[in-house]
>>> print(open('model05.cif').read())   # mmCIF, N, CA and C atoms and all ligand atoms
data_protein
loop_
_atom_site.label_atom_id
_atom_site.label_comp_id
_atom_site.auth_asym_id
_atom_site.auth_seq_id
_atom_site.Cartn_x
_atom_site.Cartn_y
_atom_site.Cartn_z
N MET G 1 169.64 143.60 108.87
CA MET G 1 170.04 144.00 107.52
C MET G 1 169.13 145.11 107.00
N GLY G 2 169.74 146.20 106.65
CA GLY G 2 168.95 147.30 106.09
C GLY G 2 168.78 147.13 104.59
N THR G 3 168.00 147.98 104.04
CA THR G 3 167.81 147.93 102.59
C THR G 3 168.90 148.76 101.92
N VAL G 4 169.48 148.21 100.88
CA VAL G 4 170.48 148.96 100.12
C VAL G 4 169.75 149.82 99.09
N VAL G 5 170.04 151.09 99.11
CA VAL G 5 169.40 152.01 98.18
C VAL G 5 170.40 152.38 97.09
N TYR G 6 169.97 152.23 95.85
CA TYR G 6 170.86 152.69 94.79
C TYR G 6 170.10 153.54 93.78
N GLY G 7 170.84 154.36 93.09
CA GLY G 7 170.21 155.28 92.15
C GLY G 7 171.25 156.18 91.53
N THR G 8 170.81 157.31 91.05
CA THR G 8 171.71 158.21 90.33
C THR G 8 171.70 159.60 90.96
N TYR G 9 172.86 160.17 91.08
CA TYR G 9 173.01 161.56 91.51
C TYR G 9 173.38 162.42 90.31
N HIS G 10 172.91 163.62 90.34
CA HIS G 10 173.37 164.62 89.36
C HIS G 10 174.12 165.70 90.11
N PHE G 11 175.30 166.03 89.63
CA PHE G 11 176.00 167.19 90.17
C PHE G 11 176.11 168.20 89.05
N THR G 12 175.65 169.40 89.31
CA THR G 12 175.72 170.40 88.24
C THR G 12 176.64 171.54 88.65
N LYS G 13 177.25 172.11 87.65
CA LYS G 13 178.15 173.23 87.90
C LYS G 13 178.01 174.25 86.79
N LEU G 14 177.79 175.49 87.19
CA LEU G 14 177.74 176.57 86.21
C LEU G 14 179.16 176.91 85.78
N MET G 15 179.45 176.71 84.50
CA MET G 15 180.81 176.96 84.02
C MET G 15 181.02 178.44 83.69
N GLY G 16 179.94 179.14 83.47
CA GLY G 16 180.03 180.57 83.18
C GLY G 16 179.06 180.96 82.08
N TYR G 17 179.16 182.22 81.67
CA TYR G 17 178.31 182.74 80.60
C TYR G 17 179.20 183.08 79.42
N PHE G 18 178.76 182.71 78.24
CA PHE G 18 179.67 182.81 77.09
C PHE G 18 178.96 183.36 75.85
N GLY G 19 179.80 183.86 74.94
CA GLY G 19 179.31 184.31 73.64
C GLY G 19 178.63 185.66 73.68
N ASN G 20 177.90 185.95 72.63
CA ASN G 20 177.17 187.21 72.56
C ASN G 20 175.80 187.04 73.20
N PRO G 21 175.31 188.13 73.82
CA PRO G 21 173.95 188.04 74.36
C PRO G 21 172.95 187.72 73.25
N GLU G 22 172.04 186.84 73.56
CA GLU G 22 171.02 186.45 72.58
C GLU G 22 169.67 186.53 73.25
N GLN G 23 168.69 186.94 72.47
CA GLN G 23 167.35 187.00 73.05
C GLN G 23 166.75 185.60 73.12
N CYS G 24 166.26 185.25 74.29
CA CYS G 24 165.67 183.94 74.50
C CYS G 24 164.26 183.91 73.90
N SER G 25 163.97 182.86 73.15
CA SER G 25 162.67 182.78 72.50
C SER G 25 161.57 182.43 73.49
N ILE G 26 161.94 181.98 74.69
CA ILE G 26 160.92 181.60 75.68
C ILE G 26 160.60 182.78 76.61
N CYS G 27 161.64 183.34 77.25
CA CYS G 27 161.36 184.39 78.24
C CYS G 27 161.59 185.80 77.70
N GLY G 28 162.22 185.89 76.52
CA GLY G 28 162.41 187.20 75.90
C GLY G 28 163.57 188.01 76.44
N ARG G 29 164.28 187.45 77.44
CA ARG G 29 165.41 188.17 78.02
C ARG G 29 166.64 188.01 77.14
N THR G 30 167.47 189.06 77.11
CA THR G 30 168.68 188.99 76.30
C THR G 30 169.90 188.87 77.20
N TYR G 31 170.48 187.68 77.21
CA TYR G 31 171.67 187.42 78.01
C TYR G 31 172.59 186.48 77.27
N LYS G 32 173.85 186.49 77.72
CA LYS G 32 174.78 185.47 77.26
C LYS G 32 174.30 184.13 77.80
N LYS G 33 174.52 183.10 77.04
CA LYS G 33 174.04 181.78 77.44
C LYS G 33 174.93 181.18 78.53
N ALA G 34 174.31 180.39 79.36
CA ALA G 34 175.03 179.69 80.42
C ALA G 34 175.43 178.30 79.94
N VAL G 35 176.64 177.89 80.33
CA VAL G 35 177.04 176.51 80.11
C VAL G 35 177.06 175.82 81.48
N VAL G 36 176.29 174.74 81.59
CA VAL G 36 176.21 173.98 82.83
C VAL G 36 176.75 172.57 82.59
N LYS G 37 177.64 172.17 83.45
CA LYS G 37 178.20 170.82 83.38
C LYS G 37 177.40 169.92 84.32
N ASP G 38 176.96 168.81 83.80
CA ASP G 38 176.09 167.92 84.57
C ASP G 38 176.77 166.54 84.62
N THR G 39 177.22 166.18 85.81
CA THR G 39 177.90 164.90 85.97
C THR G 39 176.98 163.93 86.71
N ARG G 40 176.86 162.74 86.16
CA ARG G 40 176.01 161.73 86.79
C ARG G 40 176.87 160.68 87.49
N TRP G 41 176.45 160.32 88.67
CA TRP G 41 177.13 159.28 89.44
C TRP G 41 176.10 158.26 89.90
N GLY G 42 176.44 157.01 89.78
CA GLY G 42 175.62 155.99 90.39
C GLY G 42 175.95 155.95 91.88
N HIS G 43 174.92 155.86 92.72
CA HIS G 43 175.21 155.80 94.15
C HIS G 43 174.67 154.53 94.77
N LEU G 44 175.33 154.12 95.82
CA LEU G 44 174.90 152.97 96.60
C LEU G 44 174.77 153.46 98.03
N ASP G 45 173.56 153.37 98.54
CA ASP G 45 173.31 153.93 99.88
C ASP G 45 173.76 155.40 99.97
N TYR G 46 173.50 156.12 98.91
CA TYR G 46 173.77 157.57 98.84
C TYR G 46 175.25 157.91 98.81
N ILE G 47 176.11 156.93 98.58
CA ILE G 47 177.53 157.21 98.42
C ILE G 47 177.85 157.13 96.92
N PRO G 48 178.25 158.26 96.31
CA PRO G 48 178.54 158.23 94.88
C PRO G 48 179.76 157.36 94.60
N LEU G 49 179.60 156.35 93.79
CA LEU G 49 180.68 155.39 93.57
C LEU G 49 181.06 155.26 92.10
N LEU G 50 180.06 155.34 91.25
CA LEU G 50 180.31 154.98 89.86
C LEU G 50 180.05 156.16 88.92
N PRO G 51 181.11 156.71 88.30
CA PRO G 51 180.88 157.80 87.35
C PRO G 51 180.10 157.30 86.14
N MET G 52 179.05 158.02 85.79
CA MET G 52 178.18 157.55 84.71
C MET G 52 178.14 158.51 83.54
N GLY G 53 179.06 159.44 83.53
CA GLY G 53 179.14 160.32 82.36
C GLY G 53 178.84 161.77 82.68
N THR G 54 179.32 162.60 81.78
CA THR G 54 179.17 164.04 81.94
C THR G 54 178.49 164.57 80.71
N LYS G 55 177.55 165.47 80.90
CA LYS G 55 177.02 166.16 79.74
C LYS G 55 177.04 167.65 79.98
N TYR G 56 176.93 168.38 78.92
CA TYR G 56 176.94 169.83 78.99
C TYR G 56 175.62 170.35 78.48
N ILE G 57 175.19 171.42 79.10
CA ILE G 57 173.92 172.01 78.73
C ILE G 57 174.14 173.49 78.45
N LEU G 58 173.61 173.94 77.32
CA LEU G 58 173.71 175.35 76.95
C LEU G 58 172.32 175.93 77.11
N GLY G 59 172.20 176.96 77.94
CA GLY G 59 170.84 177.43 78.17
C GLY G 59 170.72 178.88 78.56
N CYS G 60 169.49 179.33 78.57
CA CYS G 60 169.17 180.68 79.02
C CYS G 60 169.37 180.72 80.53
N PRO G 61 170.14 181.69 81.04
CA PRO G 61 170.41 181.72 82.47
C PRO G 61 169.17 182.11 83.30
N ILE G 62 168.16 182.66 82.65
CA ILE G 62 166.98 183.10 83.39
C ILE G 62 165.92 181.99 83.46
N CYS G 63 165.45 181.54 82.31
CA CYS G 63 164.35 180.59 82.33
C CYS G 63 164.84 179.14 82.19
N ALA G 64 166.14 178.99 81.94
CA ALA G 64 166.75 177.66 81.83
C ALA G 64 166.20 176.86 80.66
N ASP G 65 165.69 177.56 79.65
CA ASP G 65 165.36 176.85 78.41
C ASP G 65 166.70 176.42 77.83
N ASP G 66 166.90 175.13 77.70
CA ASP G 66 168.25 174.71 77.37
C ASP G 66 168.27 173.52 76.43
N LYS G 67 169.47 173.24 75.95
CA LYS G 67 169.65 172.06 75.11
C LYS G 67 170.98 171.42 75.45
N PRO G 68 171.05 170.09 75.40
CA PRO G 68 172.31 169.42 75.66
C PRO G 68 173.27 169.63 74.50
N ILE G 69 174.52 169.82 74.80
CA ILE G 69 175.55 169.94 73.77
C ILE G 69 176.67 168.96 74.11
N ASP G 70 177.44 168.56 73.09
CA ASP G 70 178.53 167.64 73.40
C ASP G 70 179.74 168.42 73.92
N LYS G 71 180.70 167.64 74.40
CA LYS G 71 181.85 168.24 75.06
C LYS G 71 182.62 169.18 74.12
N LYS G 72 182.74 168.76 72.86
CA LYS G 72 183.48 169.55 71.89
C LYS G 72 182.80 170.90 71.66
N THR G 73 181.49 170.86 71.51
CA THR G 73 180.74 172.11 71.32
C THR G 73 180.87 172.98 72.57
N ALA G 74 180.77 172.35 73.74
CA ALA G 74 180.89 173.10 75.00
C ALA G 74 182.23 173.80 75.07
N GLN G 75 183.29 173.08 74.68
CA GLN G 75 184.62 173.68 74.74
C GLN G 75 184.75 174.84 73.78
N SER G 76 184.15 174.70 72.59
CA SER G 76 184.29 175.80 71.63
C SER G 76 183.45 177.00 72.09
N VAL G 77 182.31 176.75 72.72
CA VAL G 77 181.51 177.86 73.27
C VAL G 77 182.30 178.56 74.38
N MET G 78 182.97 177.76 75.22
CA MET G 78 183.69 178.33 76.37
C MET G 78 184.99 179.01 75.96
N ASN G 79 185.46 178.72 74.74
CA ASN G 79 186.66 179.39 74.24
C ASN G 79 186.34 180.77 73.68
N ASP G 80 185.08 181.10 73.65
CA ASP G 80 184.66 182.38 73.11
C ASP G 80 183.87 183.13 74.18
N PRO G 81 184.56 183.54 75.25
CA PRO G 81 183.83 184.05 76.40
C PRO G 81 183.31 185.48 76.25
N ASN G 82 183.75 186.20 75.22
CA ASN G 82 183.32 187.60 75.04
C ASN G 82 183.46 188.40 76.32
N PRO G 83 184.71 188.54 76.81
CA PRO G 83 184.91 189.19 78.10
C PRO G 83 184.54 190.68 78.08
N GLY G 84 184.44 191.26 76.90
CA GLY G 84 184.06 192.67 76.80
C GLY G 84 182.63 192.90 77.25
N CYS G 85 181.85 191.84 77.23
CA CYS G 85 180.45 191.97 77.63
C CYS G 85 180.28 191.29 78.99
N GLN G 86 180.16 192.12 80.00
CA GLN G 86 180.06 191.60 81.36
C GLN G 86 178.65 191.09 81.64
N GLN G 87 178.60 190.09 82.46
CA GLN G 87 177.29 189.59 82.89
C GLN G 87 177.45 188.97 84.27
N GLU G 88 176.70 189.48 85.20
CA GLU G 88 176.78 188.94 86.55
C GLU G 88 175.37 188.74 87.08
N LEU G 89 175.05 187.52 87.37
CA LEU G 89 173.70 187.20 87.85
C LEU G 89 173.80 186.57 89.23
N LYS G 90 172.96 187.05 90.13
CA LYS G 90 173.00 186.52 91.49
C LYS G 90 171.63 185.94 91.85
N PRO G 91 171.61 184.63 92.11
CA PRO G 91 170.34 184.01 92.47
C PRO G 91 170.07 184.13 93.97
N TYR G 92 168.83 184.26 94.32
CA TYR G 92 168.47 184.12 95.73
C TYR G 92 167.02 183.72 95.88
N ILE G 93 166.73 183.23 97.07
CA ILE G 93 165.37 182.81 97.38
C ILE G 93 164.80 183.79 98.38
N LYS G 94 163.62 184.27 98.10
CA LYS G 94 162.92 185.12 99.07
C LYS G 94 161.92 184.26 99.80
N TYR G 95 161.92 184.38 101.11
CA TYR G 95 161.05 183.52 101.90
C TYR G 95 160.29 184.32 102.94
N ASP G 96 159.00 184.18 102.90
CA ASP G 96 158.13 184.80 103.90
C ASP G 96 157.60 183.68 104.78
N LYS G 97 158.18 183.60 105.97
CA LYS G 97 157.87 182.47 106.86
C LYS G 97 156.40 182.47 107.28
N ALA G 98 155.89 183.64 107.62
CA ALA G 98 154.51 183.73 108.11
C ALA G 98 153.52 183.27 107.03
N ALA G 99 153.78 183.68 105.82
CA ALA G 99 152.86 183.34 104.73
C ALA G 99 153.24 182.02 104.06
N LYS G 100 154.35 181.45 104.49
CA LYS G 100 154.89 180.23 103.87
C LYS G 100 155.03 180.42 102.35
N TYR G 101 155.54 181.58 102.00
CA TYR G 101 155.66 181.91 100.59
C TYR G 101 157.13 181.98 100.21
N ARG G 102 157.44 181.35 99.09
CA ARG G 102 158.84 181.31 98.66
C ARG G 102 158.91 181.61 97.17
N GLU G 103 159.87 182.45 96.80
CA GLU G 103 160.07 182.67 95.37
C GLU G 103 161.56 182.67 95.03
N PHE G 104 161.85 182.36 93.79
CA PHE G 104 163.23 182.29 93.32
C PHE G 104 163.48 183.48 92.40
N ASP G 105 164.47 184.28 92.77
CA ASP G 105 164.79 185.47 91.98
C ASP G 105 166.22 185.41 91.47
N ILE G 106 166.43 186.04 90.34
CA ILE G 106 167.80 186.22 89.85
C ILE G 106 168.00 187.71 89.65
N LYS G 107 169.04 188.22 90.28
CA LYS G 107 169.30 189.65 90.16
C LYS G 107 170.40 189.88 89.13
N ASP G 108 170.11 190.78 88.21
CA ASP G 108 171.13 191.25 87.28
C ASP G 108 171.93 192.30 88.04
N VAL G 109 173.13 191.92 88.48
CA VAL G 109 173.92 192.78 89.35
C VAL G 109 174.28 194.09 88.67
N LEU G 110 174.48 194.07 87.36
CA LEU G 110 174.92 195.27 86.66
C LEU G 110 173.80 196.29 86.46
N THR G 111 172.57 195.81 86.25
CA THR G 111 171.47 196.76 86.06
C THR G 111 170.65 196.93 87.33
N GLY G 112 170.81 196.00 88.27
CA GLY G 112 170.06 196.05 89.52
C GLY G 112 168.67 195.45 89.39
N GLU G 113 168.34 194.97 88.20
CA GLU G 113 167.01 194.42 87.99
C GLU G 113 166.84 193.06 88.68
N GLU G 114 165.70 192.89 89.34
CA GLU G 114 165.38 191.62 89.96
C GLU G 114 164.39 190.88 89.07
N ILE G 115 164.74 189.68 88.70
CA ILE G 115 163.87 188.91 87.83
C ILE G 115 163.32 187.73 88.63
N CYS G 116 162.02 187.68 88.76
CA CYS G 116 161.40 186.56 89.47
C CYS G 116 161.29 185.37 88.52
N VAL G 117 161.95 184.29 88.87
CA VAL G 117 161.99 183.12 88.00
C VAL G 117 160.80 182.19 88.30
N ALA G 118 160.47 182.07 89.58
CA ALA G 118 159.35 181.22 89.97
C ALA G 118 158.81 181.71 91.30
N SER G 119 157.49 181.74 91.41
CA SER G 119 156.89 182.20 92.66
C SER G 119 156.03 181.10 93.26
N ASP G 120 155.81 181.23 94.56
CA ASP G 120 154.98 180.28 95.29
C ASP G 120 155.48 178.83 95.10
N ILE G 121 156.72 178.62 95.42
CA ILE G 121 157.33 177.31 95.21
C ILE G 121 157.71 176.67 96.55
N THR G 122 157.92 175.37 96.51
CA THR G 122 158.37 174.66 97.70
C THR G 122 159.90 174.71 97.77
N LYS G 123 160.41 174.28 98.92
CA LYS G 123 161.86 174.26 99.11
C LYS G 123 162.52 173.34 98.08
N SER G 124 161.90 172.21 97.81
CA SER G 124 162.53 171.27 96.89
C SER G 124 162.45 171.78 95.45
N GLN G 125 161.39 172.50 95.12
CA GLN G 125 161.33 173.13 93.79
C GLN G 125 162.42 174.18 93.65
N ALA G 126 162.66 174.94 94.72
CA ALA G 126 163.72 175.95 94.68
C ALA G 126 165.07 175.29 94.46
N LYS G 127 165.26 174.15 95.11
CA LYS G 127 166.50 173.39 94.94
C LYS G 127 166.68 172.96 93.49
N ASP G 128 165.61 172.48 92.89
CA ASP G 128 165.67 172.03 91.48
C ASP G 128 165.99 173.19 90.54
N ILE G 129 165.40 174.35 90.83
CA ILE G 129 165.63 175.53 90.00
C ILE G 129 167.11 175.92 90.06
N ALA G 130 167.68 175.85 91.26
CA ALA G 130 169.10 176.17 91.42
C ALA G 130 169.96 175.14 90.71
N LYS G 131 169.57 173.89 90.85
CA LYS G 131 170.38 172.80 90.32
C LYS G 131 170.45 172.82 88.80
N ILE G 132 169.30 173.03 88.17
CA ILE G 132 169.27 173.00 86.71
C ILE G 132 170.12 174.13 86.12
N ARG G 133 170.27 175.21 86.89
CA ARG G 133 171.09 176.34 86.43
C ARG G 133 172.53 176.25 86.92
N GLY G 134 172.83 175.22 87.67
CA GLY G 134 174.20 175.01 88.14
C GLY G 134 174.62 175.93 89.28
N PHE G 135 173.65 176.56 89.95
CA PHE G 135 173.99 177.43 91.08
C PHE G 135 174.29 176.57 92.30
N LYS G 136 175.43 176.82 92.91
CA LYS G 136 175.83 176.02 94.06
C LYS G 136 175.12 176.47 95.32
N LYS G 137 175.39 177.69 95.69
CA LYS G 137 174.84 178.19 96.95
C LYS G 137 173.87 179.31 96.64
N VAL G 138 172.67 179.17 97.12
CA VAL G 138 171.68 180.22 96.90
C VAL G 138 171.24 180.74 98.26
N GLU G 139 171.45 182.02 98.44
CA GLU G 139 171.12 182.66 99.69
C GLU G 139 169.60 182.78 99.83
N THR G 140 169.11 182.59 101.06
CA THR G 140 167.69 182.82 101.32
C THR G 140 167.54 184.13 102.09
N ILE G 141 166.69 184.97 101.57
CA ILE G 141 166.42 186.24 102.23
C ILE G 141 165.03 186.18 102.83
N ASN G 142 164.93 186.40 104.13
CA ASN G 142 163.62 186.40 104.78
C ASN G 142 162.95 187.74 104.56
N ILE G 143 161.70 187.66 104.09
CA ILE G 143 160.98 188.91 103.82
C ILE G 143 159.76 189.02 104.74
ZN ZN S 1 164.91 182.38 78.69
#
>>> encode(input="model05.cif", output="structure tokens")
Amino acid sequence: MGTVVYGTYHFTKLMGYFGNPEQCSICGRTYKKAVVKDTRWGHLDYIPLLPMGTKYILGCPICADDKPIDKKTAQSVMNDPNPGCQQELKPYIKYDKAAKYREFDIKDVLTGEEICVASDITKSQAKDIAKIRGFKKVETINI
């Protein structure tokens, strides 16, 4: 008989960027805010079985300074997408194998600017950074 492991999973999804660009009071960057959907599941032996609720998070897409919002607020934010103002952000991880150095960057595709979000991080920290921002797949670039 093995041990049964139970706990909670979080699944996050970036719903998009909405509203007017606002300057973040933490990182000082001016971007449209990100809405991230965070669904919790209870798992048994790592198999998600029990839905435990969904919350929405409204946050800065760069530093992830964020606050939870309810579903109604999330829907009203997402109904105001401000399509006239484009915003495209591409996350990636830079990895230097020899130096065992890893950093998480977000590129502003429209301006070409690379913003370093975190440097000298572990693989699991990089995963957390992606997760909190709702990024599904983050490319690793070997440097
Ligand atoms: Zn910020």
>>> residues_around(input="model05.cif", residues="region 101-107 of chain G", least_positions_apart="3", cutoff="5 Å", atoms="all atoms listed in the file", output="count of residues only")
17
>>> residues_near_ligand(input="model05.cif", ligand="ligand ZN 1 (chain S)", cutoff="10 Å", atoms="only C-alpha atoms and all ligand atoms", output="list in words")
Glu22, Gln23, Cys24, Ser25, Ile26, Cys27, Gly28, Arg29, Thr30, Tyr31, Lys33, Gly59, Cys60, Pro61, Ile62, Cys63, Ala64, Asp65, Asp66 and Val117 of chain G
>>> closest_residue(input="model05.cif", among="G:Thr111, G:Thr39, G:Thr54, G:Asn20", to="Asp80 (chain G)", atoms="all atoms listed in the file")
G:Asn20
>>> atom_distance(input="model05.cif", atom1="atom N of Pro81 (chain G)", atom2="atom C of Val138 (chain G)")
26.7 Å
>>> atom_distance(input="model05.cif", atom1="atom N of Val77 (chain G)", atom2="CA of Val35 (chain G)")
9.1 Å
>>> residues_around(input="model05.cif", residues="Pro68 (chain G)", least_positions_apart="4", cutoff="10 Å", atoms="only C-alpha atoms", output="list in words")
Val35, Val36, Lys37, Asp38, Lys55, Tyr56, Ile57, Leu58, Gly59, Thr73 and Ala74 of chain G
>>> select_by_dssp(input="model05.cif", residues="chain G", states="strand (DSSP E)", output="count of residues only")
76
>>> atom_distance(input="model05.cif", atom1="atom C of Gly16 (chain G)", atom2="CA of Gly53 (chain G)")
20.6 Å
>>> closest_residue(input="model05.cif", among="G:Phe18, G:Ala126, G:Asn142, G:Thr8", to="Leu44 (chain G)", atoms="only N, CA and C atoms")
G:Thr8
>>> closest_residue(input="model05.cif", among="G:Tyr46, G:Tyr17, G:Phe11, G:Trp41", to="Lys131 (chain G)", atoms="only C-alpha atoms")
G:Phe11
>>> closest_residue(input="model05.cif", among="G:Tyr9, G:Asn79, G:Met15, G:Ile69", to="Pro51 (chain G)", atoms="only C-alpha atoms")
G:Tyr9
>>> select_by_dssp(input="model05.cif", residues="region 24-143 of chain G", states="alpha helix (DSSP H)", output="count of residues only")
18
>>> closest_residue(input="model05.cif", among="G:Met78, G:Leu110, G:Ile143, G:Ile129", to="Ala98 (chain G)", atoms="only C-alpha atoms")
G:Ile143
>>> decode(input="model05.cif", residues="region 100-121 of chain G", atoms="N, CA and C atoms", output="compact mmCIF listing (two decimals), in the first residue's frame")
# COMPACT_ATOMS: atom_id res chain seq x y z
N LYS G 100 25.21 28.26 -14.94
CA LYS G 100 24.01 27.89 -14.19
C LYS G 100 23.20 29.14 -13.81
N TYR G 101 23.09 30.02 -14.78
CA TYR G 101 22.40 31.28 -14.53
C TYR G 101 21.11 31.32 -15.34
N ARG G 102 20.06 31.73 -14.66
CA ARG G 102 18.75 31.77 -15.33
C ARG G 102 18.06 33.08 -15.00
N GLU G 103 17.47 33.69 -16.01
CA GLU G 103 16.67 34.88 -15.74
C GLU G 103 15.36 34.85 -16.52
N PHE G 104 14.38 35.55 -16.00
CA PHE G 104 13.06 35.60 -16.62
C PHE G 104 12.87 36.98 -17.22
N ASP G 105 12.62 36.99 -18.52
CA ASP G 105 12.45 38.26 -19.23
C ASP G 105 11.07 38.33 -19.87
N ILE G 106 10.58 39.54 -20.00
CA ILE G 106 9.35 39.76 -20.76
C ILE G 106 9.69 40.78 -21.83
N LYS G 107 9.41 40.41 -23.07
CA LYS G 107 9.71 41.32 -24.17
C LYS G 107 8.44 42.04 -24.59
N ASP G 108 8.54 43.35 -24.68
CA ASP G 108 7.47 44.15 -25.27
C ASP G 108 7.66 44.05 -26.78
N VAL G 109 6.82 43.24 -27.42
CA VAL G 109 7.00 42.94 -28.83
C VAL G 109 6.89 44.20 -29.69
N LEU G 110 6.06 45.15 -29.28
CA LEU G 110 5.84 46.33 -30.11
C LEU G 110 7.00 47.32 -30.05
N THR G 111 7.64 47.44 -28.88
CA THR G 111 8.77 48.38 -28.78
C THR G 111 10.11 47.67 -28.89
N GLY G 112 10.09 46.34 -28.72
CA GLY G 112 11.32 45.57 -28.78
C GLY G 112 12.09 45.58 -27.47
N GLU G 113 11.54 46.26 -26.47
CA GLU G 113 12.24 46.35 -25.19
C GLU G 113 12.18 45.03 -24.42
N GLU G 114 13.32 44.64 -23.87
CA GLU G 114 13.38 43.45 -23.03
C GLU G 114 13.39 43.88 -21.58
N ILE G 115 12.47 43.36 -20.82
CA ILE G 115 12.39 43.72 -19.41
C ILE G 115 12.75 42.50 -18.58
N CYS G 116 13.79 42.63 -17.80
CA CYS G 116 14.18 41.52 -16.93
C CYS G 116 13.32 41.54 -15.67
N VAL G 117 12.56 40.49 -15.47
CA VAL G 117 11.63 40.43 -14.35
C VAL G 117 12.32 39.87 -13.10
N ALA G 118 13.19 38.88 -13.32
CA ALA G 118 13.91 38.28 -12.19
C ALA G 118 15.19 37.67 -12.72
N SER G 119 16.27 37.86 -11.97
CA SER G 119 17.54 37.30 -12.41
C SER G 119 18.07 36.34 -11.36
N ASP G 120 18.95 35.46 -11.82
CA ASP G 120 19.59 34.48 -10.94
C ASP G 120 18.54 33.65 -10.17
N ILE G 121 17.67 33.03 -10.92
CA ILE G 121 16.58 32.27 -10.31
C ILE G 121 16.72 30.78 -10.63
